[in-house]
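Structure below is run_9.cif: mmCIF, C-alpha atoms.
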data_protein
loop_
_atom_site.label_atom_id
_atom_site.label_comp_id
_atom_site.auth_asym_id
_atom_site.auth_seq_id
_atom_site.Cartn_x
_atom_site.Cartn_y
_atom_site.Cartn_z
CA MET A 16 73.42 97.94 95.70
CA ILE A 17 75.80 99.96 93.52
CA ILE A 18 75.90 103.76 93.47
CA GLU A 19 77.83 105.10 90.46
CA THR A 20 80.53 107.69 91.28
CA THR A 21 82.47 110.00 88.98
CA PHE A 22 86.24 109.86 88.53
CA THR A 23 87.78 112.83 90.44
CA PRO A 24 91.56 112.68 89.90
CA LEU A 25 92.28 116.30 90.89
CA THR A 26 90.31 116.59 94.14
CA SER A 27 91.40 113.09 95.12
CA LEU A 28 95.06 113.96 94.49
CA ALA A 29 94.68 117.24 96.44
CA GLY A 30 92.92 115.42 99.29
CA GLY A 31 95.68 112.83 99.34
CA ALA A 32 98.31 115.59 99.49
CA LEU A 33 96.54 117.13 102.52
CA ILE A 34 96.50 113.71 104.22
CA GLY A 35 100.25 113.55 103.57
CA ILE A 36 100.81 117.07 104.95
CA ALA A 37 98.95 116.09 108.16
CA ALA A 38 101.09 112.95 108.46
CA VAL A 39 104.35 114.88 107.98
CA MET A 40 103.27 117.60 110.47
CA LEU A 41 102.36 115.05 113.17
CA MET A 42 105.72 113.34 112.75
CA GLY A 43 107.80 116.53 112.49
CA LEU A 44 106.09 118.32 115.37
CA MET A 45 105.16 115.52 117.77
CA GLY A 46 107.05 112.46 116.52
CA ARG A 47 103.93 110.38 116.00
CA ILE A 48 102.50 108.19 113.24
CA MET A 49 99.30 109.62 111.71
CA GLY A 50 97.28 106.41 111.88
CA ALA A 51 93.52 106.60 112.48
CA THR A 52 93.63 103.23 114.27
CA GLY A 53 96.36 104.26 116.72
CA VAL A 54 94.84 107.67 117.36
CA LEU A 55 91.34 106.25 118.00
CA ALA A 56 92.60 103.33 120.11
CA GLY A 57 94.54 105.79 122.27
CA VAL A 58 91.36 107.82 122.83
CA ILE A 59 89.38 104.72 123.87
CA ALA A 60 92.11 103.21 126.09
CA PRO A 61 94.53 106.02 127.02
CA ALA A 62 97.88 105.41 128.69
CA SER A 63 97.78 108.82 130.44
CA PHE A 64 95.92 112.14 130.25
CA SER A 65 98.58 113.88 128.13
CA ASP A 66 98.55 110.85 125.81
CA TRP A 67 94.75 111.05 125.58
CA SER A 68 94.40 114.80 125.10
CA TRP A 69 96.40 115.23 121.86
CA ARG A 70 94.72 112.21 120.28
CA ALA A 71 91.26 113.47 121.27
CA ALA A 72 92.17 116.84 119.73
CA VAL A 73 93.20 115.10 116.47
CA VAL A 74 89.88 113.22 116.38
CA VAL A 75 87.88 116.42 117.02
CA GLY A 76 89.90 118.08 114.23
CA MET A 77 89.10 115.18 111.88
CA ILE A 78 85.37 115.48 112.64
CA SER A 79 85.58 119.23 111.91
CA GLY A 80 86.94 118.44 108.42
CA PRO A 81 83.61 118.11 106.60
CA LEU A 82 82.31 121.25 108.37
CA ALA A 83 85.33 123.23 107.16
CA VAL A 84 84.65 121.95 103.63
CA LEU A 85 81.00 123.02 104.02
CA ALA A 86 82.09 126.48 105.21
CA ILE A 87 84.50 126.95 102.29
CA SER A 88 82.61 125.35 99.39
CA GLY A 89 79.00 125.63 100.61
CA GLU A 90 78.57 121.87 100.18
CA MET A 91 78.85 119.01 102.66
CA PRO A 92 81.16 116.26 101.32
CA ALA A 93 79.20 113.40 99.75
CA VAL A 94 78.64 110.31 101.90
CA ALA A 95 76.70 107.75 99.85
CA VAL A 96 76.27 104.42 101.64
CA PRO A 97 75.47 101.55 99.25
CA VAL A 98 75.27 98.92 102.04
CA SER A 99 72.68 97.97 104.68
CA THR A 100 72.84 98.99 108.34
CA SER A 101 73.63 95.43 109.38
CA MET A 102 76.55 95.33 106.91
CA LEU A 103 77.85 98.63 108.36
CA ALA A 104 77.67 97.23 111.90
CA PHE A 105 79.14 93.82 111.01
CA GLY A 106 81.83 95.35 108.78
CA GLY A 107 82.68 97.96 111.43
CA PHE A 108 83.18 95.30 114.09
CA ILE A 109 85.40 93.22 111.77
CA VAL A 110 87.43 96.32 110.86
CA GLY A 111 87.92 97.08 114.58
CA LEU A 112 89.23 93.56 115.22
CA GLY A 113 91.42 93.54 112.11
CA VAL A 114 93.11 96.93 112.54
CA THR A 115 93.87 96.22 116.22
CA PHE A 116 95.47 92.81 115.55
CA GLY A 117 97.14 94.10 112.36
CA GLY A 118 98.42 97.23 114.12
CA GLY A 119 97.15 99.76 111.60
CA CYS A 120 94.85 100.66 108.73
CA THR A 121 94.94 102.60 105.48
CA SER A 122 96.52 105.68 107.08
CA GLY A 123 98.96 104.02 109.51
CA HIS A 124 100.20 101.15 107.31
CA GLY A 125 99.07 102.35 103.86
CA VAL A 126 100.41 105.91 104.03
CA CYS A 127 102.82 106.38 106.97
CA GLY A 128 104.27 102.85 106.99
CA MET A 129 104.65 102.58 103.22
CA ALA A 130 106.28 106.04 103.13
CA ARG A 131 108.88 104.72 105.62
CA LEU A 132 109.27 101.64 103.37
CA SER A 133 108.41 99.49 106.41
CA PRO A 134 108.30 95.83 105.26
CA ARG A 135 105.48 95.06 107.73
CA SER A 136 103.37 97.94 106.45
CA ILE A 137 103.98 97.05 102.79
CA VAL A 138 102.87 93.45 103.50
CA ALA A 139 99.87 94.60 105.60
CA THR A 140 98.75 97.03 102.88
CA GLY A 141 99.08 94.38 100.18
CA VAL A 142 97.07 91.91 102.27
CA PHE A 143 94.21 94.27 103.12
CA MET A 144 93.95 95.73 99.60
CA VAL A 145 93.67 92.22 98.12
CA ALA A 146 91.23 91.11 100.87
CA THR A 147 89.05 94.17 100.26
CA GLY A 148 89.09 93.58 96.49
CA ILE A 149 88.10 89.92 96.88
CA THR A 150 85.34 90.83 99.37
CA VAL A 151 83.84 93.48 97.06
CA PHE A 152 84.05 91.07 94.10
CA VAL A 153 82.31 88.28 96.03
CA ILE A 154 79.57 90.56 97.40
CA ARG A 155 78.83 92.28 94.07
CA HIS A 156 79.53 89.63 91.44
CA VAL A 157 79.17 86.26 93.19
CA LEU A 158 76.42 86.96 95.73
CA GLY A 159 75.01 89.79 93.59
CA ALA A 160 74.12 91.91 96.63
CA MET B 230 99.76 124.53 122.36
CA ARG B 231 100.05 120.76 121.64
CA ILE B 232 96.26 120.56 121.75
CA ILE B 233 95.78 123.35 119.20
CA ILE B 234 98.45 121.91 116.88
CA SER B 235 96.89 118.44 117.21
CA TYR B 236 93.46 119.85 116.40
CA LEU B 237 94.81 121.62 113.29
CA ILE B 238 96.59 118.45 112.10
CA GLY B 239 93.33 116.50 112.56
CA LEU B 240 91.49 119.24 110.68
CA ILE B 241 93.91 119.12 107.71
CA PHE B 242 93.57 115.32 107.66
CA GLY B 243 89.75 115.60 107.88
CA VAL B 244 89.56 118.13 105.04
CA GLY B 245 91.88 115.93 102.96
CA ILE B 246 89.74 112.84 103.59
CA SER B 247 86.57 114.82 102.82
CA ILE B 248 87.64 116.19 99.46
CA SER B 249 89.50 113.02 98.44
CA GLY B 250 86.40 110.80 98.54
CA MET B 251 87.71 108.44 101.25
CA ALA B 252 84.76 109.42 103.48
CA ASN B 253 82.36 108.21 100.79
CA PRO B 254 81.76 104.42 100.90
CA ALA B 255 80.23 104.42 97.40
CA LYS B 256 83.50 105.80 95.99
CA VAL B 257 85.67 103.49 98.10
CA LEU B 258 83.76 100.34 97.11
CA ASN B 259 83.73 101.38 93.43
CA PHE B 260 87.53 101.69 93.54
CA PHE B 261 87.72 98.00 94.46
CA ASP B 262 85.02 97.02 91.94
CA ILE B 263 87.34 96.77 88.94
CA ALA B 264 84.99 94.24 87.32
CA GLY B 265 82.02 96.61 87.71
CA ALA B 266 81.46 100.32 88.43
CA TRP B 267 85.21 101.05 88.66
CA ASP B 268 86.23 104.52 89.91
CA PRO B 269 90.06 104.76 90.04
CA SER B 270 90.05 108.01 92.11
CA LEU B 271 91.40 106.41 95.28
CA ALA B 272 94.66 105.52 93.52
CA PHE B 273 95.18 109.30 93.27
CA VAL B 274 94.46 109.73 97.00
CA MET B 275 97.03 107.08 97.85
CA GLY B 276 99.50 108.48 95.30
CA GLY B 277 99.19 112.06 96.58
CA ALA B 278 99.41 111.04 100.24
CA LEU B 279 102.38 108.71 99.68
CA ALA B 280 104.35 111.20 97.57
CA VAL B 281 104.02 113.98 100.16
CA THR B 282 104.67 111.69 103.15
CA PHE B 283 107.64 109.94 101.49
CA VAL B 284 109.42 113.25 100.81
CA GLY B 285 108.21 114.99 104.00
CA TYR B 286 109.31 112.18 106.33
CA ARG B 287 112.80 112.28 104.80
CA VAL B 288 113.01 115.99 105.62
CA VAL B 289 111.59 115.95 109.17
CA LEU B 290 113.26 112.70 110.27
CA ARG B 291 116.68 114.26 109.64
CA ARG B 292 116.24 116.19 112.90
CA PRO B 293 117.35 114.41 116.08
CA ALA B 294 113.89 114.86 117.66
CA PRO B 295 110.45 116.25 116.81
CA ILE B 296 109.98 120.01 117.37
CA MET B 297 107.46 119.52 120.21
CA GLY B 298 108.47 116.11 121.55
CA ASP B 299 111.46 114.27 122.96
CA ARG B 300 111.73 111.50 120.35
CA PHE B 301 110.24 110.06 117.17
CA GLN B 302 107.95 107.16 118.09
CA ILE B 303 108.26 104.81 115.13
CA PRO B 304 107.33 101.10 115.18
CA THR B 305 110.41 98.89 115.36
CA LYS B 306 108.91 95.42 114.77
CA ARG B 307 110.14 93.81 111.56
CA ASP B 308 108.70 90.28 111.56
CA PHE B 309 105.64 89.11 109.60
CA ASP B 310 103.54 87.45 112.31
CA LEU B 311 100.04 85.99 112.27
CA PRO B 312 98.36 89.04 113.93
CA LEU B 313 99.78 91.31 111.18
CA ILE B 314 98.70 89.09 108.28
CA GLY B 315 95.43 87.78 109.77
CA GLY B 316 94.45 91.17 111.21
CA SER B 317 95.10 92.93 107.90
CA ALA B 318 93.09 90.28 106.00
CA LEU B 319 90.22 90.70 108.49
CA PHE B 320 90.41 94.49 108.10
CA GLY B 321 90.16 94.10 104.31
CA VAL B 322 87.08 91.88 104.58
CA GLY B 323 85.37 94.41 106.90
CA TRP B 324 86.36 97.34 104.67
CA GLY B 325 84.90 95.52 101.65
CA ILE B 326 81.64 94.84 103.52
CA ALA B 327 81.11 98.32 105.02
CA GLY B 328 83.02 100.64 102.66
CA PHE B 329 84.46 102.70 105.54
CA CYS B 330 87.99 102.46 106.92
CA PRO B 331 88.81 104.14 110.28
CA GLY B 332 90.52 107.15 108.66
CA GLY B 333 87.57 107.66 106.33
CA ALA B 334 84.87 107.16 108.96
CA LEU B 335 86.16 109.50 111.72
CA PRO B 336 86.02 112.63 109.51
CA ALA B 337 82.72 111.39 108.00
CA LEU B 338 81.18 111.68 111.50
CA GLY B 339 81.22 115.44 110.90
CA THR B 340 78.58 115.10 108.19
CA GLY B 341 76.16 114.00 110.94
CA ARG B 342 74.97 110.98 108.93
CA THR B 343 73.48 108.20 111.10
CA GLU B 344 75.18 105.46 109.04
CA VAL B 345 78.61 106.76 110.04
CA PHE B 346 77.72 106.60 113.74
CA VAL B 347 76.61 102.96 113.31
CA PHE B 348 79.95 102.09 111.68
CA VAL B 349 82.07 103.96 114.25
CA ALA B 350 80.18 102.44 117.21
CA ALA B 351 80.79 98.96 115.76
CA LEU B 352 84.43 99.87 115.02
CA ILE B 353 84.99 100.91 118.65
CA ALA B 354 83.31 97.70 119.86
CA GLY B 355 85.66 95.71 117.60
CA ILE B 356 88.75 97.54 118.89
CA ILE B 357 87.71 96.92 122.52
CA ALA B 358 86.97 93.23 121.78
CA ALA B 359 90.38 92.81 120.09
CA LYS B 360 92.21 94.50 122.98
CA PHE B 361 90.39 92.19 125.41
CA ILE B 362 91.43 89.13 123.36
CA GLN B 363 95.03 90.39 123.18
CA ARG B 364 95.18 90.89 126.97
CA SER B 365 93.48 87.59 127.78
CA PHE B 366 95.09 85.18 125.32
CA LEU B 367 97.99 86.89 123.55
CA SER B 368 99.72 88.69 126.42
CA GLU B 369 103.16 88.18 124.84
CA THR B 370 102.13 90.08 121.68
CA LYS B 371 100.81 93.17 123.45
CA ALA B 372 100.05 95.86 120.85
#
Let me see the structure of the file written as structure tokens.
Amino acid sequence: MIIETTFTPLTSLAGGALIGIAAVMLMGLMGRIMGATGVLAGVIAPASFSDWSWRAAVVVGMISGPLAVLAISGEMPAVAVPVSTSMLAFGGFIVGLGVTFGGGCTSGHGVCGMARLSPRSIVATGVFMVATGITVFVIRHVLGA
Amino acid sequence: MRIIISYLIGLIFGVGISISGMANPAKVLNFFDIAGAWDPSLAFVMGGALAVTFVGYRVVLRRPAPIMGDRFQIPTKRDFDLPLIGGSALFGVGWGIAGFCPGGALPALGTGRTEVFVFVAALIAGIIAAKFIQRSFLSETKA
């Protein structure tokens, strides 16, 4: 199933800038990489309480994001899901495996790692962007789902 | 104090994800669907985030230590190993199937949509399974 979306260069650029500000603040204040994978993994399997508490606070802050947008704009951010529940569950499990073995996701490798010009992050980002593109092409244009 | 700062950083990230469109699988999948319903918005998300982080890191990393911590904790590995390449490829396949990445899905939980909870539950199961595999079979490459 395909749900058409409109091109939103300005809000997407502004949203990206906020993501960058959060990444710079976490590094400048606490010396940590703003990666969703690392933050979530540290909440699930914490090394210590102090290590758990700041990550849990980041996650709670993230979850408050859409509510803050609702409070300011009067509208909940759009979440349109063009895939089945089984694809969400299967895809979610695969993502969990992949980001743990690969050591990061779009935020950790794609933003923070690439901004440091880390060779591993540049390679990881290239690999997952190409893999995602191929997967979407196969699902939509080969399988026609 | 660290908790409040961490919450605010998460909130800024969550607002950024929300308005950028990264929390919206339809928009994410359309970005990758160049041969179909292409929506190039996510290139602007990546561009905005990278530009700010690239410049910002250069400013804050000039200090000897973070303001509220004892040292900068930055990955030091430099080799391209199988977990990096294979894991990233696997992540891409899952992202292409579901349309959510971890950084998009966590803020999306705040919308209260059932689909997001399904994805995040499966994501957590995948992370736990991968950590179990790493501990059991790949102890020398502990993440």
For chain B, which residue among A:Leu44, A:Leu25, A:Val138, A:Ser133 is the nearest when counting all atoms listed in the file?
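Among A:Leu44, A:Leu25, A:Val138, A:Ser133, it is A:Leu44 that comes nearest to chain B.
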Around the point (85.3, 100.3, 87.0), in the coordinates given by the file, pick out the residues reaching within 12 Å, counting only C-alpha atoms, and return them as a PDB file with C-alpha atoms, in the frame of the given file.
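Full text of selection26.pdb as output:
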ATOM      1  CA  ILE A  17      75.800  99.960  93.520  1.00  0.00           C
ATOM      2  CA  ILE A  18      75.900 103.760  93.470  1.00  0.00           C
ATOM      3  CA  GLU A  19      77.830 105.100  90.460  1.00  0.00           C
ATOM      4  CA  THR A  20      80.530 107.690  91.280  1.00  0.00           C
ATOM      5  CA  THR A  21      82.470 110.000  88.980  1.00  0.00           C
ATOM      6  CA  PHE A  22      86.240 109.860  88.530  1.00  0.00           C
ATOM      7  CA  PHE A 152      84.050  91.070  94.100  1.00  0.00           C
TER       8      PHE A 152
ATOM      9  CA  LYS B 256      83.500 105.800  95.990  1.00  0.00           C
ATOM     10  CA  VAL B 257      85.670 103.490  98.100  1.00  0.00           C
ATOM     11  CA  LEU B 258      83.760 100.340  97.110  1.00  0.00           C
ATOM     12  CA  ASN B 259      83.730 101.380  93.430  1.00  0.00           C
ATOM     13  CA  PHE B 260      87.530 101.690  93.540  1.00  0.00           C
ATOM     14  CA  PHE B 261      87.720  98.000  94.460  1.00  0.00           C
ATOM     15  CA  ASP B 262      85.020  97.020  91.940  1.00  0.00           C
ATOM     16  CA  ILE B 263      87.340  96.770  88.940  1.00  0.00           C
ATOM     17  CA  ALA B 264      84.990  94.240  87.320  1.00  0.00           C
ATOM     18  CA  GLY B 265      82.020  96.610  87.710  1.00  0.00           C
ATOM     19  CA  ALA B 266      81.460 100.320  88.430  1.00  0.00           C
ATOM     20  CA  TRP B 267      85.210 101.050  88.660  1.00  0.00           C
ATOM     21  CA  ASP B 268      86.230 104.520  89.910  1.00  0.00           C
ATOM     22  CA  PRO B 269      90.060 104.760  90.040  1.00  0.00           C
ATOM     23  CA  SER B 270      90.050 108.010  92.110  1.00  0.00           C
ATOM     24  CA  LEU B 271      91.400 106.410  95.280  1.00  0.00           C
TER      25      LEU B 271
END
Which one of B:Ser247, B:Ser317, B:Thr305, B:Thr282 sits closest to A:Val94 if you count all atoms listed in the file?
B:Ser247
Skip A:Leu28 itself and residues of its chain fewer than 6 positions away, then list as a ChimeraX atom specification all residues within 7 Å of it, counting only C-alpha atoms.
/B:249,273-274,277
Would you put the residues from that selection into a file with C-alpha atoms, as an mmCIF file, in the coordinates of the input?
data_model
loop_
_atom_site.group_PDB
_atom_site.id
_atom_site.type_symbol
_atom_site.label_atom_id
_atom_site.label_comp_id
_atom_site.auth_asym_id
_atom_site.auth_seq_id
_atom_site.Cartn_x
_atom_site.Cartn_y
_atom_site.Cartn_z
ATOM 1 C CA SER B 249 89.500 113.020 98.440
ATOM 2 C CA PHE B 273 95.180 109.300 93.270
ATOM 3 C CA VAL B 274 94.460 109.730 97.000
ATOM 4 C CA GLY B 277 99.190 112.060 96.580
#
Is there a way to get, as a compact mmCIF listing (two decimals) with C-alpha atoms, keeping the file's coordinate frame, all residues within 10 Å of the point (94.3, 86.9, 106.2) in file coordinates, counting all atoms listed in the file?
# COMPACT_ATOMS: atom_id res chain seq x y z
CA GLY A 113 91.42 93.54 112.11
CA GLY A 117 97.14 94.10 112.36
CA ALA A 139 99.87 94.60 105.60
CA VAL A 142 97.07 91.91 102.27
CA PHE A 143 94.21 94.27 103.12
CA VAL A 145 93.67 92.22 98.12
CA ALA A 146 91.23 91.11 100.87
CA LEU B 311 100.04 85.99 112.27
CA PRO B 312 98.36 89.04 113.93
CA LEU B 313 99.78 91.31 111.18
CA ILE B 314 98.70 89.09 108.28
CA GLY B 315 95.43 87.78 109.77
CA GLY B 316 94.45 91.17 111.21
CA SER B 317 95.10 92.93 107.90
CA ALA B 318 93.09 90.28 106.00
CA LEU B 319 90.22 90.70 108.49
CA PHE B 320 90.41 94.49 108.10
CA GLY B 321 90.16 94.10 104.31
CA VAL B 322 87.08 91.88 104.58
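Picked out by the PyMOL selection byres ((chain B and resi 290-301) around 9) when it runs on this file: Leu41, Met42, Gly43, Leu44, Met45, Gly46, Arg47 and Ile48 of chain A; Arg231, Gly285, Tyr286, Arg287, Val288, Val289, Gln302 and Ile303 of chain B.
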Selection in question (the file shown): the PyMOL selection byres ((chain B and resi 327-343) around 7). Which residues does it include, as a VMD selection string?
(chain A and resid 51 to 52 77 to 82 91 98 102 to 103 106 to 107 122) or (chain B and resid 243 246 251 to 252 254 257 to 258 323 to 326 344 to 347 349)
Using only C-alpha atoms, please write the residues we just selected to a file, as a PDB file, in the coordinates of the input.
ATOM      1  CA  ALA A  51      93.520 106.600 112.480  1.00  0.00           C
ATOM      2  CA  THR A  52      93.630 103.230 114.270  1.00  0.00           C
ATOM      3  CA  MET A  77      89.100 115.180 111.880  1.00  0.00           C
ATOM      4  CA  ILE A  78      85.370 115.480 112.640  1.00  0.00           C
ATOM      5  CA  SER A  79      85.580 119.230 111.910  1.00  0.00           C
ATOM      6  CA  GLY A  80      86.940 118.440 108.420  1.00  0.00           C
ATOM      7  CA  PRO A  81      83.610 118.110 106.600  1.00  0.00           C
ATOM      8  CA  LEU A  82      82.310 121.250 108.370  1.00  0.00           C
ATOM      9  CA  MET A  91      78.850 119.010 102.660  1.00  0.00           C
ATOM     10  CA  VAL A  98      75.270  98.920 102.040  1.00  0.00           C
ATOM     11  CA  MET A 102      76.550  95.330 106.910  1.00  0.00           C
ATOM     12  CA  LEU A 103      77.850  98.630 108.360  1.00  0.00           C
ATOM     13  CA  GLY A 106      81.830  95.350 108.780  1.00  0.00           C
ATOM     14  CA  GLY A 107      82.680  97.960 111.430  1.00  0.00           C
ATOM     15  CA  SER A 122      96.520 105.680 107.080  1.00  0.00           C
TER      16      SER A 122
ATOM     17  CA  GLY B 243      89.750 115.600 107.880  1.00  0.00           C
ATOM     18  CA  ILE B 246      89.740 112.840 103.590  1.00  0.00           C
ATOM     19  CA  MET B 251      87.710 108.440 101.250  1.00  0.00           C
ATOM     20  CA  ALA B 252      84.760 109.420 103.480  1.00  0.00           C
ATOM     21  CA  PRO B 254      81.760 104.420 100.900  1.00  0.00           C
ATOM     22  CA  VAL B 257      85.670 103.490  98.100  1.00  0.00           C
ATOM     23  CA  LEU B 258      83.760 100.340  97.110  1.00  0.00           C
ATOM     24  CA  GLY B 323      85.370  94.410 106.900  1.00  0.00           C
ATOM     25  CA  TRP B 324      86.360  97.340 104.670  1.00  0.00           C
ATOM     26  CA  GLY B 325      84.900  95.520 101.650  1.00  0.00           C
ATOM     27  CA  ILE B 326      81.640  94.840 103.520  1.00  0.00           C
ATOM     28  CA  GLU B 344      75.180 105.460 109.040  1.00  0.00           C
ATOM     29  CA  VAL B 345      78.610 106.760 110.040  1.00  0.00           C
ATOM     30  CA  PHE B 346      77.720 106.600 113.740  1.00  0.00           C
ATOM     31  CA  VAL B 347      76.610 102.960 113.310  1.00  0.00           C
ATOM     32  CA  VAL B 349      82.070 103.960 114.250  1.00  0.00           C
TER      33      VAL B 349
END
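For the pair atom CA of A:Ile149 and atom CA of B:Gly276, the separation is 21.8 Å.
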Expected selection from the PyMOL selection byres ((chain A and resi 32) around 9), given as a ChimeraX atom specification:
/A:27-31,33-37 /B:245,274-282
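Going from atom CA of B:Leu237 over to atom CA of B:Lys360, you cover 28.9 Å.
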Nearest candidate to chain A (options B:Val284, B:Leu240, B:Asp310, B:Ile234; using only C-alpha atoms)
B:Leu240
What is the distance, in Å and to one decimal place, between atom CA of B:Gln363 and atom CA of A:Val75?
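Distance reported for this atom pair: 27.7 Å.
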With distances taken over all atoms listed in the file, which of A:Ser88, A:Thr147, A:Ser101, A:Thr140 is nearest to chain B?
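Among the listed residues, the smallest separation from chain B belongs to A:Thr147.
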I'd like to know which of A:Ala62, A:Val73, A:Val39, A:Ala56 is closest to A:Ala130, using all atoms listed in the file.
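Once distances to A:Ala130 are computed over all atoms listed in the file, the minimum belongs to A:Val39.
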